[in-house]
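In what follows, a single structure is set out as structure tokens and then discussed.
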Amino acid sequence: MNEAMSRTIALHRGLFDLRGAVLENERIVEWLMDQTQSETEPGMLVIGQVEAIHDGMEAAFVDIGSGKRAYLNKTELKSWHHREEGQEPAISSLVTKGAYLLLEITRAGTDTKGPKVTEMISFPGKYSVYLPFSSYIAVSKKMSSNRTRETWREWGKKAVSEPEGMIIRTHAEGEAKETIAEEIKLLQEKYQEVETAFHQGGGKAGTVLFDPSRLLARVARDYLTAEDTQVLTDHHDDYRWLKRERQVIQEGAAVNFSKRSLSEVFGFDQAMHQTLRPYVWLPNGGSILIEATEAMTVVDVNSGRYTGKENLRQTAYITNLAAAKVIARELRLRDVSGIVLIDFIDMEEDQHREDVVKTLKEACKKDRTMVQVAGFTSLGLVEMTRKKTRASLQERLLDTCGICQGKGDVPGEAERLYQCGEALMKAGLDGTEAIWLEVNPSLLEEINHRFGDVHEAVTGGLTAAVYVTSDAGEPAFSIRMTAENEDAVKERIERQEKPWIRL
């Protein structure tokens, strides 16, 4: 790794997917992962086949291979935009049933609605968005002045020709126009590749021809133009693709190939395990606890092992300052979004609270995602928000526990024994002479520990004999068999060669 580089993008191609990390000063500050939450993502260019046309709705429904048909309004058709002035043709005169169209997904589907699509496709870059059919030039309103915006608009009119258009982003301000021209050229080449693939045929409805949400595309868009960055990959095809993207950029990131697995070089597995843990230790011995709820993310700051050298006020102040920096990094690392409430250690001095909020805001400036720190609330909590751009790391990689339903708590052995007793009472009705009860090792240990009480309860409350065997795993217990003949249960257990106890 080149020591002159202040930032490294490490991309590891595993057997099934591509993952990466952003390292600043050799420390992972952000995980890079492909979108996996939905089959269709906004920005994807796919092949669609028209299945139904409704003049009354002024829309067509299109098969794009996502399960639910996509909605295509007639105003999203190229032929609508290129109609003669003043004409209002019906959609049935603009497109035919069975036609194949090159479409961009503008809104992903939901459980109840299909995706929305358009024929007015776009190709996003870091400084601009190329619009092959839109015939207009738009400039970001966030640029410093109207004069600057007008200068860029006039330049854009010369950079493309009808029916092309473009959007010039805020990042373009201050950049050389040659850089933006090179980016537009690259985006035009991507469009030509997609257009060629579409017209050559061979694809079916749902075939993805371009996906800007894929990790390699995002890395190329967000990092290849940065001169202080090194992009490392351990896969030959990814390396060749990135080198090709880099060639059209005059000055930018270095792209290098690693013969070693970058997951091993940078310790991805261990670092990911640490990222997914709720507790994070602070440099001074304090700690923070990060817990995600359905409504918000809650962060609790504790002094932990740190007791300070002066007094409690100074201990709280120093711990909170350290926590503010770590919290900003962890929110970015975990891709936490939405409302975040932080319970810092109580501070009596207003100046200390102001310093902590200032430190938090400063640390959040390194985050590429929009963050707003509102400050302390009347309850003494710091409220902040982080814009949602994708699912959090926890949502992508972790499933809800089937036992505790995500609460983090499971019934104790006493509660499980009670539930087991309820099940035995239900199973012991209607002339049952014997019950085969199977329990996991921990519940068997509880039964053995309380054998006298358990035996007394069973013989006093049930007329049926209870045979207990053990099996590892969950659930904690199950009624495997009930019978009107005790020998039938014993024979069944003995056939499986399971050791048993009789209650």
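Order determines the names: the first chain of the structure tokens is A, the second B, and so forth; residues in each chain are numbered 1 upward, and ligands are numbered 1 upward as they are shown.
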**DSSP helix (DSSP H, G or I) residues within region 318-474 of chain A, as number ranges by chain** = A: 318-334, 350-364, 393-397, 413-427, 441-449, 451-461
**Asked** Excluding same-chain residues fewer than 3 positions from region 354-367 of chain A, what lies within 7 Å of it counting only C-alpha atoms, as number ranges by chain?
**Response** A: 320-321, 324-325, 328, 332, 350-351, 371, 373, 375
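Residues of region 141-213 of chain A that DSSP, applied to the backbone, places in strand (DSSP E): Gly165, Met166, Ile167, Ile168, Val208, Leu209 and Phe210 of chain A.
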Please dump the current selection as a CSV table (one decimal), in the first residue's frame; keep N, CA and C atoms.
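The resulting again.csv:
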```
chain,number,residue,atom,x,y,z
A,165,GLY,N,-29.2,15.6,-23.5
A,165,GLY,CA,-29.3,16.7,-22.5
A,165,GLY,C,-28.3,16.2,-21.3
A,166,MET,N,-28.2,17.1,-20.3
A,166,MET,CA,-27.4,16.7,-19.2
A,166,MET,C,-27.8,17.5,-18.0
A,167,ILE,N,-27.5,17.0,-16.8
A,167,ILE,CA,-27.6,17.7,-15.5
A,167,ILE,C,-26.2,17.9,-15.0
A,168,ILE,N,-25.9,19.1,-14.7
A,168,ILE,CA,-24.6,19.5,-14.1
A,168,ILE,C,-24.7,19.6,-12.6
A,208,VAL,N,-30.9,-7.1,-17.0
A,208,VAL,CA,-30.3,-5.8,-16.6
A,208,VAL,C,-29.1,-5.5,-17.5
A,209,LEU,N,-29.2,-4.3,-18.2
A,209,LEU,CA,-28.1,-3.9,-19.1
A,209,LEU,C,-27.2,-2.9,-18.4
A,210,PHE,N,-27.6,-2.2,-17.4
A,210,PHE,CA,-26.7,-1.3,-16.7
A,210,PHE,C,-27.3,-1.1,-15.3
```
**Request:** Find the residues around region 130-137 of chain A up to 8 Å (only C-alpha atoms counted), leave out those fewer than 3 positions away in its own chain, and share them as number ranges by chain.
**Result:** A: 78, 120-125, 153, 156-157, 162-168, 184, 187-188, 191
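The residue that comes closest to Glu58 (chain A), out of A:Lys74, A:Arg416, A:Arg149, A:His81 and on the basis of only C-alpha atoms, is A:Lys74.
Atom pair CA of Ala90 (chain A) / CA of Gly56 (chain A) has a distance of 8.9 Å (rounded to one decimal).
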**Prompt:** Using only C-alpha atoms, which of the listed residues (A:Val468, A:Met44, A:Leu443, A:Met384) sits closest to Gly206 (chain A)?
**Reply:** A:Met44
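Among the candidates A:Gly380, A:Pro441, A:Gly408, A:Pro42, the one nearest to Val117 (chain A) when counting only C-alpha atoms is A:Pro42.
CA of Gly252 (chain A) to CA of Asp234 (chain A) spans 20.0 Å [interatomic distance, one decimal].
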**Asked** How many Å separate CA of Asp335 (chain A) from CA of Leu32 (chain A)?
**Response** 9.9 Å
**Asked** Using only C-alpha atoms, which of the listed residues (A:Gln49, A:Thr112, A:Thr463, A:Asn284) sits closest to Lys97 (chain A)?
**Response** A:Gln49
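Restricting the calculation to only C-alpha atoms, the smallest distance between Ala464 (chain A) and any of A:Trp436, A:Tyr317, A:Phe451, A:Tyr223 is found for A:Trp436.
Distances from A:Phe257, A:Tyr100, A:Phe268, A:Tyr467 to Phe198 (chain A) were compared using only C-alpha atoms, and the smallest one belongs to A:Tyr100.
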**Message:** Which residues are near Glu251 (chain A)? Cut-off 9 Å, only C-alpha atoms, ignore same chain within fewer than 3 positions. Put them as a PyMOL selection string.
**Reply:** chain A and resi 179+224-227+246
How would the residues just chosen look if you wrote them out with N, CA and C atoms as an mmCIF file, in the first residue's frame?
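Output saved as selection35.cif:
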```cif
data_model
loop_
_atom_site.group_PDB
_atom_site.id
_atom_site.type_symbol
_atom_site.label_atom_id
_atom_site.label_comp_id
_atom_site.auth_asym_id
_atom_site.auth_seq_id
_atom_site.Cartn_x
_atom_site.Cartn_y
_atom_site.Cartn_z
ATOM 1 N N THR A 179 -12.565 18.176 -17.388
ATOM 2 C CA THR A 179 -12.866 17.000 -16.567
ATOM 3 C C THR A 179 -14.307 16.558 -16.759
ATOM 4 N N LEU A 224 -12.908 7.220 -8.319
ATOM 5 C CA LEU A 224 -11.854 7.210 -9.330
ATOM 6 C C LEU A 224 -11.348 8.597 -9.679
ATOM 7 N N THR A 225 -12.133 9.622 -9.416
ATOM 8 C CA THR A 225 -11.688 10.982 -9.733
ATOM 9 C C THR A 225 -10.889 11.614 -8.596
ATOM 10 N N ALA A 226 -10.741 10.915 -7.471
ATOM 11 C CA ALA A 226 -10.031 11.472 -6.308
ATOM 12 C C ALA A 226 -8.547 11.147 -6.397
ATOM 13 N N GLU A 227 -7.711 12.178 -6.404
ATOM 14 C CA GLU A 227 -6.272 11.981 -6.573
ATOM 15 C C GLU A 227 -5.612 11.388 -5.334
ATOM 16 N N ARG A 246 -10.834 4.223 -15.500
ATOM 17 C CA ARG A 246 -9.846 5.226 -15.059
ATOM 18 C C ARG A 246 -9.161 5.907 -16.235
#
```
